[in-house]
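upload.pdb (PDB, C-alpha atoms) appears below.
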```
ATOM      1  CA  ASN O 177      78.559  -6.932 243.456
ATOM      2  CA  THR O 178      81.752  -5.583 241.984
ATOM      3  CA  VAL O 179      83.592  -5.970 245.296
ATOM      4  CA  THR O 180      82.256  -9.509 245.703
ATOM      5  CA  PHE O 181      83.321 -10.348 242.159
ATOM      6  CA  PHE O 182      86.867  -9.081 242.746
ATOM      7  CA  VAL O 183      87.100 -10.898 246.102
ATOM      8  CA  MET O 184      86.007 -14.145 244.428
ATOM      9  CA  LEU O 185      88.399 -13.539 241.532
ATOM     10  CA  ALA O 186      91.278 -12.860 243.935
ATOM     11  CA  SER O 187      90.419 -16.015 245.911
ATOM     12  CA  MET O 188      90.399 -18.083 242.721
ATOM     13  CA  CYS O 189      93.756 -16.613 241.687
ATOM     14  CA  ILE O 190      95.262 -17.459 245.082
ATOM     15  CA  VAL O 191      93.963 -21.052 244.922
ATOM     16  CA  PHE O 192      95.115 -21.389 241.318
ATOM     17  CA  SER O 193      98.547 -19.954 242.160
ATOM     18  CA  THR O 194      98.899 -22.277 245.174
ATOM     19  CA  ASN O 195      97.987 -25.277 243.008
ATOM     20  CA  ILE O 196     100.548 -24.281 240.380
ATOM     21  CA  GLN O 197     103.262 -23.874 243.031
ATOM     22  CA  ASP O 198     102.385 -27.256 244.538
ATOM     23  CA  THR O 199     102.453 -28.903 241.112
ATOM     24  CA  GLU O 200     105.805 -27.272 240.299
ATOM     25  CA  ARG O 201     107.236 -28.481 243.620
ATOM     26  CA  GLN O 202     106.014 -32.036 242.957
ATOM     27  CA  LEU O 203     107.491 -31.933 239.439
ATOM     28  CA  ARG O 204     110.844 -30.703 240.805
ATOM     29  CA  LEU O 205     110.936 -33.522 243.374
ATOM     30  CA  LYS O 206     109.975 -36.096 240.739
ATOM     31  CA  ASN O 207     112.663 -34.797 238.362
ATOM     32  CA  GLN O 208     115.265 -35.006 241.144
ATOM     33  CA  THR O 209     114.200 -38.602 241.856
ATOM     34  CA  LEU O 210     114.320 -39.530 238.170
ATOM     35  CA  TYR O 211     117.744 -37.907 237.756
ATOM     36  CA  LYS O 212     119.086 -39.856 240.733
ATOM     37  CA  GLU O 213     117.587 -43.112 239.442
ATOM     38  CA  ALA O 214     119.047 -42.488 235.974
ATOM     39  CA  GLY O 215     122.512 -42.199 237.536
ATOM     40  CA  THR O 216     122.224 -45.192 239.880
ATOM     41  CA  ASP O 217     122.758 -48.886 239.295
ATOM     42  CA  PRO O 218     119.524 -50.546 240.473
ATOM     43  CA  LEU O 219     121.170 -53.714 241.846
ATOM     44  CA  THR O 220     124.074 -52.304 243.858
ATOM     45  CA  GLY O 221     122.836 -48.772 244.510
ATOM     46  CA  LEU O 222     126.190 -47.474 243.267
ATOM     47  CA  PRO O 223     126.465 -44.665 240.741
ATOM     48  CA  ASN O 224     126.467 -45.910 237.158
ATOM     49  CA  ARG O 225     128.989 -45.182 234.394
ATOM     50  CA  ARG O 226     127.319 -41.924 233.282
ATOM     51  CA  SER O 227     127.177 -40.628 236.833
ATOM     52  CA  MET O 228     130.841 -41.481 237.483
ATOM     53  CA  ILE O 229     132.012 -39.721 234.323
ATOM     54  CA  GLU O 230     130.046 -36.634 235.383
ATOM     55  CA  GLN O 231     131.654 -36.775 238.845
ATOM     56  CA  ILE O 232     135.195 -36.998 237.436
ATOM     57  CA  GLU O 233     134.563 -34.209 234.917
ATOM     58  CA  LYS O 234     133.081 -31.990 237.644
ATOM     59  CA  PHE O 235     136.142 -32.601 239.847
ATOM     60  CA  TYR O 236     138.495 -31.729 236.988
ATOM     61  CA  ARG O 237     136.634 -28.517 236.119
ATOM     62  CA  ALA O 238     136.852 -27.376 239.756
ATOM     63  CA  ASN O 239     140.420 -28.662 240.381
ATOM     64  CA  SER O 240     142.251 -28.575 237.059
ATOM     65  CA  ASP O 241     145.657 -28.487 238.766
ATOM     66  CA  HIS O 242     144.991 -31.449 241.106
ATOM     67  CA  THR O 243     146.128 -34.948 240.319
ATOM     68  CA  PHE O 244     143.764 -37.893 240.368
ATOM     69  CA  SER O 245     143.753 -41.513 239.356
ATOM     70  CA  VAL O 246     141.176 -43.958 238.067
ATOM     71  CA  ALA O 247     141.026 -47.723 238.292
ATOM     72  CA  ILE O 248     138.952 -50.296 236.460
ATOM     73  CA  ALA O 249     138.438 -53.583 238.327
ATOM     74  CA  ASP O 250     136.784 -56.804 237.289
ATOM     75  CA  ILE O 251     135.700 -59.868 239.272
ATOM     76  CA  ASP O 252     137.849 -62.829 238.279
ATOM     77  CA  PHE O 253     135.956 -65.803 236.821
ATOM     78  CA  PHE O 254     132.590 -64.248 237.630
ATOM     79  CA  LYS O 255     130.927 -66.390 234.976
ATOM     80  CA  LYS O 256     131.917 -69.437 237.029
ATOM     81  CA  VAL O 257     129.994 -68.051 240.040
ATOM     82  CA  ASN O 258     126.886 -67.599 237.894
ATOM     83  CA  ASP O 259     127.252 -71.001 236.216
ATOM     84  CA  THR O 260     127.940 -72.867 239.476
ATOM     85  CA  TYR O 261     125.514 -71.226 241.901
ATOM     86  CA  GLY O 262     123.052 -69.357 239.647
ATOM     87  CA  HIS O 263     122.466 -65.750 238.664
ATOM     88  CA  ASN O 264     120.844 -64.885 242.008
ATOM     89  CA  CYS O 265     124.131 -65.811 243.649
ATOM     90  CA  GLY O 266     125.903 -63.622 241.098
ATOM     91  CA  ASP O 267     123.682 -60.709 242.127
ATOM     92  CA  TYR O 268     124.345 -61.480 245.800
ATOM     93  CA  THR O 269     128.085 -61.435 245.064
ATOM     94  CA  LEU O 270     127.873 -58.032 243.387
ATOM     95  CA  VAL O 271     125.918 -56.607 246.331
ATOM     96  CA  LYS O 272     128.347 -57.996 248.955
ATOM     97  CA  LEU O 273     131.321 -56.744 246.961
ATOM     98  CA  THR O 274     129.717 -53.310 246.769
ATOM     99  CA  GLU O 275     129.334 -53.288 250.559
ATOM    100  CA  LEU O 276     133.036 -54.070 250.930
ATOM    101  CA  PHE O 277     134.010 -51.339 248.438
ATOM    102  CA  VAL O 278     131.924 -48.720 250.253
ATOM    103  CA  GLU O 279     133.301 -49.760 253.665
ATOM    104  CA  HIS O 280     136.876 -49.785 252.358
ATOM    105  CA  ALA O 281     136.583 -46.393 250.610
ATOM    106  CA  MET O 282     136.530 -44.333 253.847
ATOM    107  CA  GLY O 283     136.214 -41.183 251.750
ATOM    108  CA  ARG O 284     139.388 -41.912 249.778
ATOM    109  CA  TYR O 285     137.651 -42.841 246.548
ATOM    110  CA  SER O 286     134.331 -43.175 244.777
ATOM    111  CA  VAL O 287     133.217 -46.354 243.069
ATOM    112  CA  CYS O 288     130.623 -47.068 240.428
ATOM    113  CA  ARG O 289     129.322 -50.135 238.677
ATOM    114  CA  TRP O 290     130.896 -49.751 235.275
ATOM    115  CA  GLY O 291     128.910 -52.594 233.742
ATOM    116  CA  GLY O 292     128.435 -56.318 234.359
ATOM    117  CA  GLU O 293     131.077 -57.354 236.863
ATOM    118  CA  GLU O 294     133.288 -54.319 236.212
ATOM    119  CA  PHE O 295     133.688 -51.407 238.604
ATOM    120  CA  CYS O 296     135.344 -48.028 238.155
ATOM    121  CA  PHE O 297     137.144 -46.230 240.964
ATOM    122  CA  PHE O 298     137.853 -42.493 241.084
ATOM    123  CA  LEU O 299     140.700 -41.604 243.436
ATOM    124  CA  PRO O 300     140.902 -37.799 243.712
ATOM    125  CA  GLY O 301     144.183 -36.312 244.920
ATOM    126  CA  LEU O 302     146.043 -39.632 244.622
ATOM    127  CA  ASN O 303     148.932 -40.195 242.234
ATOM    128  CA  LEU O 304     149.612 -43.548 240.564
ATOM    129  CA  ASP O 305     151.656 -45.011 243.429
ATOM    130  CA  GLU O 306     149.177 -43.925 246.104
ATOM    131  CA  ALA O 307     146.207 -45.173 244.100
ATOM    132  CA  GLY O 308     148.024 -48.443 243.475
ATOM    133  CA  ILE O 309     148.503 -48.961 247.220
ATOM    134  CA  VAL O 310     144.800 -48.298 247.915
ATOM    135  CA  MET O 311     143.703 -50.657 245.137
ATOM    136  CA  ASN O 312     146.165 -53.353 246.201
ATOM    137  CA  ASP O 313     144.816 -53.122 249.748
ATOM    138  CA  LEU O 314     141.292 -53.495 248.338
ATOM    139  CA  CYS O 315     142.354 -56.474 246.231
ATOM    140  CA  ILE O 316     143.658 -58.215 249.378
ATOM    141  CA  ALA O 317     140.454 -57.389 251.294
ATOM    142  CA  VAL O 318     138.342 -58.939 248.514
ATOM    143  CA  GLU O 319     140.454 -62.104 248.530
ATOM    144  CA  LYS O 320     139.999 -62.435 252.311
ATOM    145  CA  MET O 321     136.219 -61.929 252.132
ATOM    146  CA  SER O 322     134.166 -65.095 252.601
ATOM    147  CA  LEU O 323     130.813 -65.263 250.831
ATOM    148  CA  THR O 324     127.985 -67.578 251.807
ATOM    149  CA  TYR O 325     124.972 -67.993 249.563
ATOM    150  CA  GLU O 326     122.336 -70.495 250.684
ATOM    151  CA  GLU O 327     124.544 -73.448 251.699
ATOM    152  CA  HIS O 328     127.534 -72.537 249.525
ATOM    153  CA  THR O 329     130.617 -70.777 250.887
ATOM    154  CA  PHE O 330     133.069 -69.399 248.362
ATOM    155  CA  SER O 331     135.507 -66.560 247.757
ATOM    156  CA  ILE O 332     136.344 -64.322 244.847
ATOM    157  CA  THR O 333     139.220 -62.151 243.662
ATOM    158  CA  ILE O 334     139.467 -59.047 241.548
ATOM    159  CA  THR O 335     141.965 -57.700 239.057
ATOM    160  CA  ALA O 336     142.428 -53.968 238.573
ATOM    161  CA  GLY O 337     144.239 -51.561 236.304
ATOM    162  CA  VAL O 338     145.170 -48.106 237.616
ATOM    163  CA  GLU O 339     146.040 -44.977 235.639
ATOM    164  CA  GLU O 340     146.975 -41.465 236.778
ATOM    165  CA  PHE O 341     145.698 -38.372 234.988
ATOM    166  CA  ASP O 342     148.509 -36.777 232.963
ATOM    167  CA  PHE O 343     146.852 -33.333 232.656
ATOM    168  CA  LEU O 344     146.806 -33.755 228.865
ATOM    169  CA  SER O 345     144.769 -36.794 227.847
ATOM    170  CA  PRO O 346     140.989 -36.759 227.609
ATOM    171  CA  LEU O 347     139.135 -38.714 230.279
ATOM    172  CA  GLU O 348     138.136 -41.354 227.744
ATOM    173  CA  GLU O 349     141.805 -42.125 227.032
ATOM    174  CA  LEU O 350     142.625 -42.261 230.742
ATOM    175  CA  LEU O 351     139.885 -44.856 231.277
ATOM    176  CA  GLU O 352     141.032 -46.844 228.236
ATOM    177  CA  LYS O 353     144.570 -47.017 229.652
ATOM    178  CA  ALA O 354     143.233 -48.258 233.005
ATOM    179  CA  ASP O 355     141.183 -50.863 231.132
ATOM    180  CA  GLU O 356     144.266 -51.984 229.161
ATOM    181  CA  LYS O 357     146.143 -52.456 232.437
ATOM    182  CA  LEU O 358     143.204 -54.468 233.794
ATOM    183  CA  TYR O 359     143.543 -56.895 230.886
ATOM    184  CA  MET O 360     147.313 -57.025 231.376
ATOM    185  CA  GLY O 361     146.587 -58.159 234.938
ATOM    186  CA  LYS O 362     144.124 -60.784 233.733
ATOM    187  CA  ASN O 363     146.641 -62.115 231.225
ATOM    188  CA  ALA O 364     149.304 -62.219 233.957
ATOM    189  CA  GLY O 365     147.206 -64.525 236.138
ATOM    190  CA  ARG O 366     144.490 -62.348 237.744
ATOM    191  CA  ASN O 367     144.062 -61.350 241.420
ATOM    192  CA  ARG O 368     146.433 -58.403 241.057
ATOM    193  CA  VAL O 369     146.664 -54.668 240.518
ATOM    194  CA  VAL O 370     148.586 -53.278 237.535
ATOM    195  CA  VAL O 371     149.853 -49.691 237.846
TER     196      VAL O 371
END
```
Would you mind writing the structure in this file as structure tokens?
Amino acid sequence: NTVTFFVMLASMCIVFSTNIQDTERQLRLKNQTLYKEAGTDPLTGLPNRRSMIEQIEKFYRANSDHTFSVAIADIDFFKKVNDTYGHNCGDYTLVKLTELFVEHAMGRYSVCRWGGEEFCFFLPGLNLDEAGIVMNDLCIAVEKMSLTYEEHTFSITITAGVEEFDFLSPLEELLEKADEKLYMGKNAGRNRVVV
């Protein structure tokens, strides 16, 4: 009886241990999924602001002596798209623009949806002039892109501000400077990149 008892006890422990391990594995997978969802914009599938800031900070911690630039870009007159064709068309526009950004990136930069119709670009290893060239090329590609929603064909433009890391300023200040340049570009007539 004692042997039988210990065999049954050992069997129960094995089953219990296996169940705990399975539950822990499921919890780990669920946490990974939740973490990814928390860092992803649900409409475009791009990283969100929090995720982008983490990416830039991680790069800086690992490469504190490497230059990098950031850019903030905004769709020009996006409200007009929403007002003219509806918010579903606005969503379509954001998705198509995202596709262009991802195709254009070719590993040179990362992009996130910063909020609304604003996007943030992280250009590791690129100084201000190099980042400006990449963003100007992107600006031209956006202008050339033709969008068709239902029976409506239209085009959009973007304006962007670019700033290079100075190895002194906090990231928040770097992003603020890029944002200031974005608004300089908007005030100067839009559809341009300010470096």
Next on the checklist: Suppose a student applies the PyMOL selection byres ((chain O and resi 293-307) around 8) to this structure; what residues should they get, written as a PyMOL selection string?
Outcome noted: chain O and resi 225+228+232+242-251+254+270+284-292+308-311+338-340+371
Checklist entry - CA of Ala364 in chain O and CA of Val271 in chain O are how many Å apart? => result 27.0 Å
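Taking CA of Val257 in chain O and CA of Ala354 in chain O as the two end points, the separation is 24.8 Å.
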Checklist entry - What residues come out when you apply the PyMOL selection byres ((chain O and resi 361) around 10) to this file, written as a list in words? => result Ala249, Ile334, Thr335, Ala336, Gly337, Asp355, Glu356, Lys357, Leu358, Tyr359, Met360, Lys362, Asn363, Ala364, Gly365, Arg366, Asn367, Arg368, Val369, Val370 and Val371 of chain O
Item to check | Expected answer as number ranges by chain: all residues with atoms within 12 Å of (145.9, -33.1, 231.3), all atoms listed in the file | outcome: O: 233, 236-237, 239-245, 340-350
